[in-house]
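Presented below is the structure to which this report refers.
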Amino acid sequence: MKTAIYQNQNIFLEQLSRDQYQKIFLAGKNGQLNCSVCKENVRLFLGIQKEPHFYHMHSPDIHCPEPTVTVVKLDSHQSTEINGFHMPKGRTITTTPPSIDMFKTATSIESTVPYKQSMSNNHVERSSYLQQLAESGVILDESQAAAVMETEGSLLVLAGAGSGKTRVLTARTAFMMNEKHLDPRTIMLVTFTSKAAAEMKNRLLSYPHMKREKITQLVTGTFHSIFYRILMFHDGNNWSSNKLLKKEWQRDKILKESGKELNLSEKEFAYDLALQQIGLWKNSLLMPNEVKPASEWEEKVVFLYKRYEEYKNREGLFDFDDMLIGCYQLFVSTPSLLEQYQERFHYFLIDEFQDINKVQYELIKLLSGKHKNVCAVGDDDQAIYSFRGSDPSYLLEFEKDFPYAKIVTLDQNYRSSHEIVTAANQMIAANKVRRTKKMKAQFSSERLPQLFFPFDEEEEATMILTDIQGQISLGANPSDFAILYRTNAGSRAVFERLAGSNLPFKIDLDAEAFYERYIVRSALAFLKVSLNEEDPQAMADILPLLFLKQTLLKELKAQSILRDCSLLEALAHLTTAHAFQEKKLKKAVTIIRGLKHTSPQSAIEKVEKDIGFLDFLKKRGNESNKLEKGSDDLKDLKVAAKSFDSLEAFLAHAEHMSAMNREIKNLSKHFQDAISLSTIHRSKGLEYKTVYIIGAVDGSLPHDFALEAYRNGDFNALEEERRLFYVAMTRAKEQLFISVPQNRRGKKANRSRFIAPLNKKKKTNS
């Protein structure tokens with residue numbers, strides 16, 4: 001049905017402004033829509049795989065005949081408001097004109113190549129141990145077997161998405177120990193997470209002739225765990241674990257103390273970003289005197305970096321980054337010790353080689369200098385961690401330092417359907433700097449990936465939830481689904497929609513709740529003060545944004561008592577060193593007081609522009625942060641506020657969502673069968689039957705910072721964003737949905753440039 005009754009008036013989907021669909025959906029959810037024929041309650045279906053329509057809430061199979069309606073030509077320049085809905089005015093015509101902004105149905109991403117069953121690899125000559133592995137269920141294809149048996153010399157294994165690299169690494173280790181009879185103590189197996197190391201050990205235990213005592217002799221673990229053990233063995237006093245700065249707040253405290261020398265406010269300066277930048281420099285083996293700052297903000301961070309290192313040296317402390325740097329310096333300064341370890345380790349197996357950073361690479365290069373038996377396993381198409389110092393050039397230019405290296409490409413994808421693999425191949429092929437490879441799937445799901453086109457973030461979340469609910473009603477499990485996004489801030493709407501449903505879901509444990517983000521909390525504090533001028537916590541939160549120190553809160557309280565006025569009004573009586581500032585404070589009091597008479601969205605706009613929030617963000621350094629600009633948080637907050645009519649309702653919603661975030665994090669530890677909400681970075685290495693990628697528009701994916709770099713002549717960031725899209729696509733096993741919202745953060749959006757290759761059908765030979 002395309003017609004319903006709302007507050008005794010007909011609502012016609014074809015005649016309704018596109019931005020009103022979400023509002024109608026909520027009206028139906030609240031029992032405010034009725035069938036125009038039988039008068040029963042109806043709801044609006046707003047999903048992905050069917051067009052929007054009204055359906056009977058208690059009897060979805062009932063289809064009342066559509067009432068006869070007059071179709072009008074809509075005039076976009078004139079509109080009238082009916083029951084809160086903006087209805088364009090018009091004149092009667094016989095057909096719906098093409099100029100109306102109608103709902104755009106989902107489109108399929110057609111496969112450019114037909115699916116062909118992969119050829120059997122039974123003809124490949126296998127060693128006796130590989131035959132034993134096959135008999136135990138560990139079957140290797142031709143490329144995997146080649147990677148396993150090539151044990152001498154350097155080897156680069158290009159392991160594409162879903163190609164079974166863990167199987168190759170463990171089978172190769174078992175092969176070396178059982179077929180080649182190599183001493184396990186001469187083998188170092190390096191992983192990027194302790195979880196991956198434990199998984200490999202468990203797999204090895206299930207392989208033929210692998211004894212626990214043999215496996216424990218292997219040197220396995222992350223870079224940090226392995227090289228920290230070496231440091232502890234040779235210099236235990238200086239590297240004792242009680243001298244490690246384990247917590248971020250400890251490092252943060254050192255920086256804030258140093259920041260006082262530059263008069264950097266704890267509230268105004270982005271110390272968290274400074275710590276991240278220092279870590280990047282350290283992983284790139286750049287000491288404070290070697291950094292060349294590229295901005296005024298970086299100049300301040302270099303100063304903090306220098307003071308941070310001086311403090312640690314003075315107190316005999318170290319952080320996680322120092323574990324690798326310390327071991328590197330130990331080897332460089334003690335050639336005899338380096339030679340000892342070069343004799344000890346003959347073979348190196350490095351997992352996720354595309355994510356290696358400079359200090360990690362230099363350590364492996366030093367240790368393997370004598371025997372050169374390095375097996376590097378990785379995929380340059382999945383290199384997505386440059387923000388923490390990872391550099392895919394070590395994989396791309398592997399032969400430069402290992403000139404006689406052999407290369408084996410694992411090009412069979414055992415995870416995703418042919419339809420998904422083909423689309424991912426098309427998309428990533430547009431990258432210029434990469435090792436050429438084309439993955440091949442092992443099965444066809446006969447379900448093409450879908451592009452769908454919600455109006456904005458709110459409708460995007462609704463459509464995804466509707467689709468998941470529909471699939472679960474047909475027998476799917478919640479754990480079959482993942483919703484992936486570029487940054488945590490992008491998950492706000494979908495989190496809220498799931499929180500309002502009865503479906504179990506889980507989120508990253510370290511993901512900051514949207515309404516707890518510093519910029520969001522600060523903006524909401526102005527709304528709180530407007531409603532309660534005596535709120536001391538909210539007043540404390542807004543002081544830095546008015547360029548006032550926290551210490552002035554005591555003076556404000558004193559002024560409010562002396563003058564018998566509210567804390568807010570006391571702002572107008574503050575005496576500062578600058579007359580212009582006093583004038584601005586008086587004006588701010590009037591603006592803040594007036595916020596309670598406006599809508600939440602208008603109130604945030606006044607905070608942003610009239611009170612000067614944007615000036616604060618620039619000074620704080622948030623606008624120099626590549627990934628998460630403070631002004632973007634404000635834009636997201638305005639989108640969230642759009643659905644509310646009063647400040648009280650919006651603030652109550654924000655409090656409820658923050659509480660829900662805490663509750664979901666606690667429950668996530670116990671959920672086995674739950675929908676996953678995750679950033680794309682966090683999803684790497686995982687897989688799900690059905691994946692939804694949200695926000696596939698320029699500015700989101702690819703991110704704004706990459707587009708800005710591209711405009712300035714640097715295409716590296718844009719290529720990494722494309723790799724990020726590739727990682728997201730290849731998490732899906734059977735179904736892939738890519739959302740292309742028409743509007744983002746309140747403005748018209750352009751579909752992601754990464755989607756263009758997916759819509760090009762090429763002529764293929766059958």
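A note on labels: chains of the structure tokens are A, B, ... as shown, every chain counts residues from 1, and ligands are counted from 1 in their shown order.
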| Surrounding residues of Asp467 of chain A excluding itself and chain neighbours under 5 positions, 8 Å, only C-alpha atoms, as a PyMOL selection string | chain A and resi 47-49
Requested write-out: N, CA and C atoms of the selected residues, as a tab-separated table (two decimals), in the first residue's frame:
chain	number	residue	atom	x	y	z
A	47	GLY	N	13.04	-0.71	4.05
A	47	GLY	CA	14.12	-1.68	4.02
A	47	GLY	C	14.97	-1.54	2.77
A	48	ILE	N	15.74	-2.58	2.47
A	48	ILE	CA	16.69	-2.54	1.36
A	48	ILE	C	16.16	-3.24	0.12
A	49	GLN	N	15.55	-4.40	0.32
A	49	GLN	CA	15.27	-5.26	-0.83
A	49	GLN	C	13.85	-5.13	-1.38
| task | May I have all residues of segment 194-311 of chain A that DSSP, computed from the backbone, assigns to helix (DSSP H, G or I), given as a PyMOL selection string? | result | chain A and resi 194-205+212-217+223-235+241-243+248-262+271-283+288-290+296-311
| message | If we count only C-alpha atoms and set the cut-off at 10 Å, which residues sit around Asp480 of chain A, ignoring sequence neighbours fewer than 4 positions away in its own chain? Please answer as a list in words. | response | Ile468, Gln471, Ile472, Ala476, Asp673, Ala674, Ile675, Ser676, Glu687, Tyr688, Lys689, Thr690, Val691, Ala732, Lys733 and Glu734 of chain A
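Note that atom CA of Pro478 of chain A and atom CA of Gln672 of chain A are 9.4 Å apart.
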| task | Kindly indicate which residue among A:Phe103, A:Thr590, A:Asn34, A:Ser206 lies nearest to Leu16 of chain A, using only C-alpha atoms for the distances. | result |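 The shortest atom-to-atom distance to Leu16 of chain A comes from A:Phe103.
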| task | Would you kindly return, as number ranges by chain, each protein, DNA or RNA residue with an atom no farther than 8 Å from any atom of segment 321-326 of chain A, considering only C-alpha atoms and excluding same-chain residues fewer than 5 positions away? | result | A: 223-224, 227-228, 231, 279, 282-283, 285, 359-360
| task | For Ala641 of chain A, please output as a PyMOL selection string all residues within 10 Å (counting only C-alpha atoms; exclusion window: fewer than 3 positions along the same chain). | result | chain A and resi 599-604+635-638+644-647+649-651+653-654
| Which of segment 204-344 of chain A fall in strand (DSSP E), as a PyMOL selection string | chain A and resi 219-222
Quick one: write out the picked residues with N, CA and C atoms as a compact mmCIF listing (two decimals), in the first residue's frame?
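See part-v7.txt below for the written result:
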# COMPACT_ATOMS: atom_id res chain seq x y z
N VAL A 219 59.96 -20.19 18.98
CA VAL A 219 59.86 -18.83 19.51
C VAL A 219 58.71 -18.16 18.76
N THR A 220 57.57 -18.05 19.44
CA THR A 220 56.38 -17.47 18.80
C THR A 220 55.85 -16.31 19.63
N GLY A 221 55.15 -15.40 18.97
CA GLY A 221 54.55 -14.28 19.69
C GLY A 221 54.54 -13.04 18.83
N THR A 222 54.13 -11.94 19.44
CA THR A 222 54.12 -10.66 18.75
C THR A 222 55.53 -10.08 18.77
| message | Let me make sure I understand: among A:Tyr21, A:Phe505, A:Phe613, A:Phe318, which one has the smallest atom-to-atom distance to Pro544 of chain A if we use only C-alpha atoms? | response |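 Closest to Pro544 of chain A of all the choices is A:Phe613.
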| task | For Tyr207 of chain A, work out the shell of residues within 12 Å, counting only C-alpha atoms and skipping chain neighbours fewer than 3 positions away, then give it as a PyMOL selection string. | result | chain A and resi 129-139+167+170-175+177-178+200-204+210-212+215
Give me the residues near Leu707 of chain A as an mmCIF file with all heavy atoms, in the first residue's frame, where near means some atom within 12 Å (using only C-alpha atoms) and where sequence neighbours in that chain fewer than 3 positions away do not count.
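Output contents, as saved in part07.cif:
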data_model
loop_
_atom_site.group_PDB
_atom_site.id
_atom_site.type_symbol
_atom_site.label_atom_id
_atom_site.label_comp_id
_atom_site.auth_asym_id
_atom_site.auth_seq_id
_atom_site.Cartn_x
_atom_site.Cartn_y
_atom_site.Cartn_z
ATOM 1 N N LYS A 626 43.604 14.493 11.314
ATOM 2 C CA LYS A 626 43.191 14.008 9.994
ATOM 3 C C LYS A 626 41.873 13.228 10.036
ATOM 4 O O LYS A 626 41.019 13.402 9.185
ATOM 5 C CB LYS A 626 44.289 13.113 9.411
ATOM 6 C CG LYS A 626 45.552 13.867 9.020
ATOM 7 C CD LYS A 626 46.584 12.882 8.502
ATOM 8 C CE LYS A 626 47.857 13.579 8.064
ATOM 9 N NZ LYS A 626 48.865 12.622 7.606
ATOM 10 N N LEU A 627 41.737 12.359 11.021
ATOM 11 C CA LEU A 627 40.625 11.418 10.987
ATOM 12 C C LEU A 627 39.335 11.939 11.598
ATOM 13 O O LEU A 627 38.257 11.722 11.075
ATOM 14 C CB LEU A 627 41.025 10.114 11.686
ATOM 15 C CG LEU A 627 41.967 9.222 10.898
ATOM 16 C CD1 LEU A 627 42.250 7.959 11.675
ATOM 17 C CD2 LEU A 627 41.376 8.863 9.547
ATOM 18 N N VAL A 697 30.223 7.237 0.723
ATOM 19 C CA VAL A 697 30.189 8.506 -0.007
ATOM 20 C C VAL A 697 31.524 9.211 0.170
ATOM 21 O O VAL A 697 32.241 8.981 1.146
ATOM 22 C CB VAL A 697 29.044 9.419 0.493
ATOM 23 C CG1 VAL A 697 27.692 8.813 0.187
ATOM 24 C CG2 VAL A 697 29.171 9.711 1.985
ATOM 25 N N ASP A 698 31.871 10.062 -0.775
ATOM 26 C CA ASP A 698 33.106 10.832 -0.658
ATOM 27 C C ASP A 698 33.052 11.697 0.597
ATOM 28 O O ASP A 698 32.059 12.389 0.845
ATOM 29 C CB ASP A 698 33.290 11.724 -1.890
ATOM 30 C CG ASP A 698 33.902 10.967 -3.068
ATOM 31 O OD1 ASP A 698 34.237 9.782 -2.889
ATOM 32 O OD2 ASP A 698 34.043 11.564 -4.156
ATOM 33 N N GLY A 699 34.123 11.651 1.355
ATOM 34 C CA GLY A 699 34.177 12.373 2.628
ATOM 35 C C GLY A 699 34.082 11.429 3.798
ATOM 36 O O GLY A 699 34.593 11.703 4.882
ATOM 37 N N SER A 700 33.417 10.287 3.572
ATOM 38 C CA SER A 700 33.330 9.256 4.605
ATOM 39 C C SER A 700 34.235 8.086 4.236
ATOM 40 O O SER A 700 35.101 7.683 4.997
ATOM 41 C CB SER A 700 31.881 8.786 4.755
ATOM 42 O OG SER A 700 31.791 7.699 5.647
ATOM 43 N N LEU A 701 34.030 7.532 3.052
ATOM 44 C CA LEU A 701 34.858 6.445 2.536
ATOM 45 C C LEU A 701 34.955 6.620 1.022
ATOM 46 O O LEU A 701 34.053 6.192 0.313
ATOM 47 C CB LEU A 701 34.219 5.091 2.887
ATOM 48 C CG LEU A 701 35.066 3.839 2.650
ATOM 49 C CD1 LEU A 701 36.341 3.894 3.471
ATOM 50 C CD2 LEU A 701 34.282 2.584 3.026
ATOM 51 N N PRO A 702 35.988 7.306 0.510
ATOM 52 C CA PRO A 702 37.198 7.756 1.203
ATOM 53 C C PRO A 702 36.946 8.929 2.151
ATOM 54 O O PRO A 702 36.050 9.750 1.923
ATOM 55 C CB PRO A 702 38.111 8.209 0.062
ATOM 56 C CG PRO A 702 37.172 8.649 -1.015
ATOM 57 C CD PRO A 702 35.999 7.695 -0.917
ATOM 58 N N HIS A 703 37.783 8.980 3.192
ATOM 59 C CA HIS A 703 37.686 10.020 4.205
ATOM 60 C C HIS A 703 38.134 11.364 3.633
ATOM 61 O O HIS A 703 38.907 11.430 2.685
ATOM 62 C CB HIS A 703 38.577 9.639 5.393
ATOM 63 C CG HIS A 703 38.275 10.383 6.642
ATOM 64 N ND1 HIS A 703 38.696 11.665 6.855
ATOM 65 C CD2 HIS A 703 37.590 10.018 7.765
ATOM 66 C CE1 HIS A 703 38.296 12.070 8.051
ATOM 67 N NE2 HIS A 703 37.624 11.086 8.623
ATOM 68 N N ASP A 704 37.632 12.426 4.261
ATOM 69 C CA ASP A 704 37.975 13.794 3.832
ATOM 70 C C ASP A 704 39.481 14.035 3.751
ATOM 71 O O ASP A 704 39.970 14.676 2.823
ATOM 72 C CB ASP A 704 37.372 14.820 4.803
ATOM 73 C CG ASP A 704 35.925 15.152 4.454
ATOM 74 O OD1 ASP A 704 35.621 15.222 3.245
ATOM 75 O OD2 ASP A 704 35.112 15.332 5.369
ATOM 76 N N TYR A 710 44.856 14.097 -1.770
ATOM 77 C CA TYR A 710 44.822 13.831 -3.210
ATOM 78 C C TYR A 710 44.789 15.131 -4.007
ATOM 79 O O TYR A 710 45.480 15.275 -5.019
ATOM 80 C CB TYR A 710 43.601 12.969 -3.531
ATOM 81 C CG TYR A 710 43.471 12.583 -4.987
ATOM 82 C CD1 TYR A 710 44.367 11.694 -5.572
ATOM 83 C CD2 TYR A 710 42.450 13.108 -5.777
ATOM 84 C CE1 TYR A 710 44.250 11.334 -6.912
ATOM 85 C CE2 TYR A 710 42.326 12.756 -7.108
ATOM 86 C CZ TYR A 710 43.230 11.869 -7.668
ATOM 87 O OH TYR A 710 43.113 11.528 -8.989
ATOM 88 N N ARG A 711 44.002 16.098 -3.511
ATOM 89 C CA ARG A 711 43.927 17.398 -4.185
ATOM 90 C C ARG A 711 45.271 18.125 -4.139
ATOM 91 O O ARG A 711 45.575 18.941 -4.995
ATOM 92 C CB ARG A 711 42.830 18.262 -3.543
ATOM 93 C CG ARG A 711 41.418 17.826 -3.920
ATOM 94 C CD ARG A 711 40.374 18.818 -3.473
ATOM 95 N NE ARG A 711 40.144 18.774 -2.039
ATOM 96 C CZ ARG A 711 39.216 18.015 -1.449
ATOM 97 N NH1 ARG A 711 38.446 17.243 -2.179
ATOM 98 N NH2 ARG A 711 39.065 18.037 -0.144
ATOM 99 N N ASN A 712 46.075 17.794 -3.123
ATOM 100 C CA ASN A 712 47.403 18.407 -3.000
ATOM 101 C C ASN A 712 48.496 17.584 -3.685
ATOM 102 O O ASN A 712 49.688 17.836 -3.485
ATOM 103 C CB ASN A 712 47.756 18.604 -1.520
ATOM 104 C CG ASN A 712 46.863 19.638 -0.855
ATOM 105 O OD1 ASN A 712 46.422 20.583 -1.504
ATOM 106 N ND2 ASN A 712 46.583 19.451 0.426
ATOM 107 N N GLY A 713 48.089 16.585 -4.471
ATOM 108 C CA GLY A 713 49.051 15.827 -5.268
ATOM 109 C C GLY A 713 49.559 14.540 -4.650
ATOM 110 O O GLY A 713 50.406 13.860 -5.221
ATOM 111 N N ASP A 714 49.040 14.156 -3.468
ATOM 112 C CA ASP A 714 49.479 12.926 -2.808
ATOM 113 C C ASP A 714 48.346 11.902 -2.876
ATOM 114 O O ASP A 714 47.283 12.098 -2.298
ATOM 115 C CB ASP A 714 49.839 13.230 -1.348
ATOM 116 C CG ASP A 714 50.246 11.983 -0.575
ATOM 117 O OD1 ASP A 714 50.394 10.911 -1.194
ATOM 118 O OD2 ASP A 714 50.413 12.082 0.662
ATOM 119 N N PHE A 715 48.557 10.807 -3.624
ATOM 120 C CA PHE A 715 47.485 9.819 -3.802
ATOM 121 C C PHE A 715 47.618 8.617 -2.864
ATOM 122 O O PHE A 715 46.787 7.714 -2.878
ATOM 123 C CB PHE A 715 47.427 9.333 -5.261
ATOM 124 C CG PHE A 715 48.645 8.589 -5.715
ATOM 125 C CD1 PHE A 715 48.762 7.229 -5.489
ATOM 126 C CD2 PHE A 715 49.678 9.248 -6.369
ATOM 127 C CE1 PHE A 715 49.883 6.529 -5.910
ATOM 128 C CE2 PHE A 715 50.801 8.559 -6.793
ATOM 129 C CZ PHE A 715 50.908 7.191 -6.558
ATOM 130 N N ASN A 716 48.653 8.612 -2.006
ATOM 131 C CA ASN A 716 48.873 7.455 -1.130
ATOM 132 C C ASN A 716 47.709 7.223 -0.166
ATOM 133 O O ASN A 716 47.278 6.090 0.046
ATOM 134 C CB ASN A 716 50.174 7.623 -0.337
ATOM 135 C CG ASN A 716 51.397 7.492 -1.217
ATOM 136 O OD1 ASN A 716 51.399 6.689 -2.150
ATOM 137 N ND2 ASN A 716 52.427 8.278 -0.953
ATOM 138 N N ALA A 717 47.226 8.307 0.447
ATOM 139 C CA ALA A 717 46.127 8.171 1.412
ATOM 140 C C ALA A 717 44.864 7.658 0.733
ATOM 141 O O ALA A 717 44.130 6.837 1.294
ATOM 142 C CB ALA A 717 45.854 9.512 2.096
ATOM 143 N N LEU A 718 44.605 8.121 -0.486
ATOM 144 C CA LEU A 718 43.421 7.674 -1.220
ATOM 145 C C LEU A 718 43.529 6.185 -1.557
ATOM 146 O O LEU A 718 42.541 5.449 -1.487
ATOM 147 C CB LEU A 718 43.254 8.500 -2.498
ATOM 148 C CG LEU A 718 41.897 8.377 -3.198
ATOM 149 C CD1 LEU A 718 40.773 8.898 -2.312
ATOM 150 C CD2 LEU A 718 41.898 9.126 -4.523
ATOM 151 N N GLU A 719 44.730 5.739 -1.902
ATOM 152 C CA GLU A 719 44.925 4.310 -2.203
ATOM 153 C C GLU A 719 44.698 3.465 -0.943
ATOM 154 O O GLU A 719 44.155 2.368 -1.018
ATOM 155 C CB GLU A 719 46.316 4.082 -2.787
ATOM 156 C CG GLU A 719 46.518 4.757 -4.138
ATOM 157 C CD GLU A 719 47.143 3.852 -5.193
ATOM 158 O OE1 GLU A 719 47.954 2.981 -4.828
ATOM 159 O OE2 GLU A 719 46.806 4.009 -6.389
ATOM 160 N N GLU A 720 45.121 3.991 0.219
ATOM 161 C CA GLU A 720 44.886 3.244 1.454
ATOM 162 C C GLU A 720 43.396 3.176 1.773
ATOM 163 O O GLU A 720 42.903 2.156 2.262
ATOM 164 C CB GLU A 720 45.645 3.864 2.636
ATOM 165 C CG GLU A 720 45.394 3.123 3.931
ATOM 166 C CD GLU A 720 46.467 3.331 4.988
ATOM 167 O OE1 GLU A 720 47.637 3.537 4.635
ATOM 168 O OE2 GLU A 720 46.126 3.277 6.175
ATOM 169 N N GLU A 721 42.671 4.267 1.494
ATOM 170 C CA GLU A 721 41.225 4.248 1.714
ATOM 171 C C GLU A 721 40.553 3.207 0.815
ATOM 172 O O GLU A 721 39.617 2.529 1.227
ATOM 173 C CB GLU A 721 40.638 5.635 1.427
ATOM 174 C CG GLU A 721 41.042 6.700 2.418
ATOM 175 C CD GLU A 721 40.398 6.511 3.782
ATOM 176 O OE1 GLU A 721 39.160 6.561 3.870
ATOM 177 O OE2 GLU A 721 41.133 6.314 4.755
ATOM 178 N N ARG A 722 41.056 3.063 -0.409
ATOM 179 C CA ARG A 722 40.497 2.040 -1.309
ATOM 180 C C ARG A 722 40.797 0.647 -0.757
ATOM 181 O O ARG A 722 39.966 -0.257 -0.828
ATOM 182 C CB ARG A 722 41.059 2.195 -2.723
ATOM 183 C CG ARG A 722 40.336 1.305 -3.747
ATOM 184 C CD ARG A 722 40.861 1.483 -5.154
ATOM 185 N NE ARG A 722 40.264 2.636 -5.831
ATOM 186 C CZ ARG A 722 40.907 3.761 -6.089
ATOM 187 N NH1 ARG A 722 42.183 3.893 -5.743
ATOM 188 N NH2 ARG A 722 40.310 4.752 -6.709
ATOM 189 N N SER A 752 30.643 7.362 -3.232
ATOM 190 C CA SER A 752 32.079 7.113 -3.167
ATOM 191 C C SER A 752 32.647 6.861 -4.558
ATOM 192 O O SER A 752 32.088 6.093 -5.349
ATOM 193 C CB SER A 752 32.365 5.905 -2.272
ATOM 194 O OG SER A 752 33.722 5.528 -2.363
ATOM 195 N N ARG A 753 33.775 7.487 -4.833
ATOM 196 C CA ARG A 753 34.438 7.274 -6.130
ATOM 197 C C ARG A 753 34.915 5.828 -6.283
ATOM 198 O O ARG A 753 35.201 5.383 -7.390
ATOM 199 C CB ARG A 753 35.621 8.237 -6.276
ATOM 200 C CG ARG A 753 36.707 8.103 -5.239
ATOM 201 C CD ARG A 753 37.627 9.304 -5.253
ATOM 202 N NE ARG A 753 36.890 10.517 -4.960
ATOM 203 C CZ ARG A 753 37.287 11.728 -5.334
ATOM 204 N NH1 ARG A 753 38.427 11.877 -5.986
ATOM 205 N NH2 ARG A 753 36.567 12.785 -5.034
#
| query | Looking at only C-alpha atoms, which of A:Lys587, A:Arg723, A:Lys642, A:Arg521 is the one that sits closest to Asn425 of chain A? | reply |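 Nearest candidate to Asn425 of chain A out of A:Lys587, A:Arg723, A:Lys642, A:Arg521: A:Arg723.
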| request: Between atom CA of Glu663 of chain A and atom CA of Ala499 of chain A, measure the distance and give it in Å to one decimal. | output: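 These two atoms are separated by 10.2 Å.
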